[in-house]
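Asks: What follows is the file coords_12.cif, containing mmCIF, C-alpha atoms and all ligand atoms:
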```
data_query
#
loop_
_atom_site.label_atom_id
_atom_site.label_comp_id
_atom_site.auth_asym_id
_atom_site.auth_seq_id
_atom_site.Cartn_x
_atom_site.Cartn_y
_atom_site.Cartn_z
CA MET A 549 0.00 0.00 0.00
CA ARG A 550 1.41 3.40 -0.97
CA ILE A 551 0.69 6.29 1.39
CA THR A 552 1.46 10.03 1.38
CA ILE A 553 3.47 11.11 4.40
CA ALA A 554 4.35 14.76 3.69
CA LYS A 555 4.70 17.48 1.10
CA LYS A 556 8.15 17.84 -0.39
CA ASP A 557 8.66 21.32 1.09
CA GLU A 558 7.83 20.14 4.62
CA VAL A 559 11.19 18.36 5.00
CA THR A 560 13.97 20.56 3.68
CA GLU A 561 17.53 19.48 2.95
CA GLY A 562 19.30 18.19 6.06
CA GLU A 563 16.06 17.82 8.01
CA LYS A 564 14.13 14.81 9.21
CA MET A 565 10.61 14.03 10.27
CA MET A 566 9.43 11.32 12.63
CA PHE A 567 5.95 9.89 12.23
CA ALA A 568 3.91 6.75 12.79
CA VAL A 569 1.97 4.46 10.51
CA GLY A 570 -0.25 2.32 12.71
CA GLU A 571 2.06 0.73 15.27
CA LYS A 572 5.22 1.42 13.26
CA ARG A 573 7.54 4.32 14.13
CA LEU A 574 9.18 5.66 10.99
CA ALA A 575 11.44 8.54 10.05
CA LEU A 576 11.95 10.43 6.81
CA PHE A 577 15.27 12.12 5.96
CA ASN A 578 16.21 14.62 3.29
CA VAL A 579 19.87 14.08 2.37
CA GLY A 580 21.07 16.32 -0.42
CA GLY A 581 17.57 16.73 -1.80
CA GLU A 582 16.83 12.99 -1.85
CA PHE A 583 14.35 11.42 0.55
CA TYR A 584 14.91 8.22 2.54
CA CYS A 585 12.59 6.49 4.99
CA ILE A 586 13.63 4.02 7.70
CA GLY A 587 12.03 2.30 10.65
CA ASP A 588 12.74 4.29 13.82
CA ILE A 589 13.66 1.34 15.97
CA CYS A 590 17.19 0.12 16.37
CA SER A 591 17.86 -3.54 15.61
CA HIS A 592 20.26 -3.72 18.58
CA ASP A 593 17.96 -2.89 21.49
CA ASP A 594 14.96 -0.98 20.12
CA GLY A 595 16.56 2.46 20.55
CA PRO A 596 15.11 5.57 18.83
CA VAL A 597 17.67 5.45 16.05
CA ALA A 598 16.23 8.41 14.12
CA GLU A 599 17.01 10.72 17.05
CA GLY A 600 20.72 10.12 16.43
CA GLU A 601 23.25 12.24 14.58
CA CYS A 602 23.52 11.98 10.79
CA GLU A 603 26.66 12.28 8.74
CA GLY A 604 26.03 11.94 5.04
CA TYR A 605 23.99 8.78 4.62
CA GLU A 606 24.99 7.43 8.05
CA ILE A 607 22.90 7.68 11.17
CA GLU A 608 24.19 6.75 14.62
CA CYS A 609 21.81 5.31 17.19
CA PRO A 610 21.89 7.59 20.26
CA ARG A 611 21.67 4.66 22.66
CA HIS A 612 24.84 2.62 22.00
CA GLY A 613 26.27 4.03 18.79
CA ALA A 614 25.35 1.48 16.11
CA LYS A 615 25.37 3.01 12.64
CA PHE A 616 23.02 2.41 9.75
CA ASP A 617 22.80 3.50 6.12
CA LEU A 618 19.78 5.74 5.54
CA ARG A 619 19.54 4.59 1.93
CA ASP A 620 18.66 0.98 2.64
CA GLY A 621 18.68 0.48 6.42
CA SER A 622 21.77 -1.74 6.27
CA VAL A 623 23.94 -1.97 9.36
CA LEU A 624 27.34 -0.26 9.22
CA SER A 625 28.75 -0.85 12.69
CA PHE A 626 28.40 -2.70 15.98
CA PRO A 627 26.77 -3.24 18.39
CA ALA A 628 23.94 -3.86 15.90
CA ILE A 629 24.40 -6.84 13.62
CA ARG A 630 21.19 -6.57 11.60
CA GLY A 631 19.81 -3.78 9.47
CA ILE A 632 16.62 -1.83 10.12
CA PRO A 633 13.59 -1.57 7.83
CA SER A 634 13.78 0.75 4.86
CA TYR A 635 10.76 1.97 2.93
CA PRO A 636 11.04 2.97 -0.74
CA VAL A 637 10.18 6.64 -1.24
CA GLU A 638 8.52 7.91 -4.38
CA ILE A 639 7.72 11.52 -5.15
CA VAL A 640 4.28 11.99 -6.69
CA GLY A 641 3.79 15.60 -7.74
CA ASP A 642 4.73 17.56 -4.63
CA GLU A 643 3.97 14.71 -2.25
CA ILE A 644 6.33 12.24 -0.60
CA THR A 645 4.94 8.75 -0.61
CA ILE A 646 6.20 5.45 0.81
CA GLU A 647 5.30 1.85 0.29
CA VAL A 648 4.22 0.06 3.47
CA GLU A 649 2.64 -3.33 4.03
S1 LIG B 1 19.74 0.38 20.86
FE1 LIG B 1 20.72 1.25 19.12
S2 LIG B 1 22.81 0.77 19.42
FE2 LIG B 1 21.84 -0.17 21.08
#
```
Starting from the coordinates I provided, produce the structure as structure tokens.
Replies:
Amino acid sequence: MRITIAKKDEVTEGEKMMFAVGEKRLALFNVGGEFYCIGDICSHDDGPVAEGECEGYEIECPRHGAKFDLRDGSVLSFPAIRGIPSYPVEIVGDEITIEVE
């Protein structure tokens, strides 16, 4: 199911937006004008990963420092060993949409 989560101008370059879809906590990032959406729950110990610091496409979980790639949710460093969910973003007109189950 594809849903609209924001207008393009609501999340400017370098910004992020946290939101929920049902029970899922998600976060949208604008990195260099491209949008990426990940699940906001760390695969290490359920930390609020989207509240962490970003550097390029990397985000660091604020709880124990695991790093993930915003582009696909893959894990980049310990203590996490698994990636986090990533949701394909598609721009439709001026709206940001994602595909969720
Ligand atoms: S909960 Fe994210 S690194 Fe531990």
Asks: Can you pull out every residue within 7 Å of Ala554 (chain A), counting all atoms listed in the file, but drop anything in the same chain fewer than 3 positions away, and send it as a list in words?
Replies: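 The filter keeps Glu558, Glu643 and Ile644 of chain A.
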Asks: Output C-alpha atoms of each residue in that selection to a file, as an mmCIF file, keeping the file's coordinate frame.
Replies:
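Result went into part.cif, see below:
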```cif
data_model
loop_
_atom_site.group_PDB
_atom_site.id
_atom_site.type_symbol
_atom_site.label_atom_id
_atom_site.label_comp_id
_atom_site.auth_asym_id
_atom_site.auth_seq_id
_atom_site.Cartn_x
_atom_site.Cartn_y
_atom_site.Cartn_z
ATOM 1 C CA GLU A 558 7.830 20.140 4.620
ATOM 2 C CA GLU A 643 3.970 14.710 -2.250
ATOM 3 C CA ILE A 644 6.330 12.240 -0.600
#
```
Asks: Closest to Ile586 (chain A) among A:Lys555, A:Leu574, A:Glu649, A:Met565, using only C-alpha atoms?
Replies: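 Closest to Ile586 (chain A), using only C-alpha atoms: A:Leu574.
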Asks: Would you mind telling me which residue in A:Ser622, A:Ser634, A:Thr645, A:Thr552 lies nearest to Arg573 (chain A) when using all atoms listed in the file?
Replies: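 Among the listed residues, the smallest separation from Arg573 (chain A) belongs to A:Ser634.
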Asks: So that each row is one residue of chain A with an atom at most 9 Å from ligand LIG 1 (chain B), can you give its shortest atom pair and the distance in Å to one decimal, using all atoms listed in the file, rows by chain and rising number, as a tab-separated table?
Replies:
```
residue	atom	partner	partner_atom	distance
A:Ile589	CA	B:LIG1	FE1	7.7
A:Cys590	CA	B:LIG1	FE1	4.6
A:Ser591	CA	B:LIG1	FE1	6.6
A:His592	CA	B:LIG1	FE2	4.6
A:Asp593	CA	B:LIG1	S1	3.8
A:Asp594	CA	B:LIG1	S1	5.0
A:Gly595	CA	B:LIG1	S1	3.8
A:Pro596	CA	B:LIG1	FE1	7.1
A:Val597	CA	B:LIG1	FE1	6.0
A:Glu608	CA	B:LIG1	S2	7.8
A:Cys609	CA	B:LIG1	FE1	4.6
A:Pro610	CA	B:LIG1	FE1	6.5
A:Arg611	CA	B:LIG1	FE1	5.0
A:His612	CA	B:LIG1	S2	3.8
A:Gly613	CA	B:LIG1	S2	4.8
A:Ala614	CA	B:LIG1	S2	4.2
A:Lys615	CA	B:LIG1	S2	7.6
A:Phe626	CA	B:LIG1	S2	7.4
A:Pro627	CA	B:LIG1	S2	5.7
A:Ala628	CA	B:LIG1	S2	5.9
```
Asks: Hey, can you check how far CA of Ala598 (chain A) sits from CA of Leu576 (chain A)?
Replies: 8.7 Å
Asks: What's around Glu563 (chain A) at 7 Å? Count all atoms listed in the file, leave out sequence neighbours fewer than 3 positions away in its own chain, and write the answer as number ranges by chain.
Replies: A: 559-560, 577-578
Asks: Would you mind reading off the distance between CA of Ile553 (chain A) and CA of Glu647 (chain A), one decimal, in Å?
Replies: 10.3 Å
Asks: Find the residue from A:Arg550, A:Lys556, A:Arg619, A:Arg630 that sits nearest to Val569 (chain A); use only C-alpha atoms when measuring.
Replies: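 Ranked by minimum distance to Val569 (chain A), first place goes to A:Arg550.
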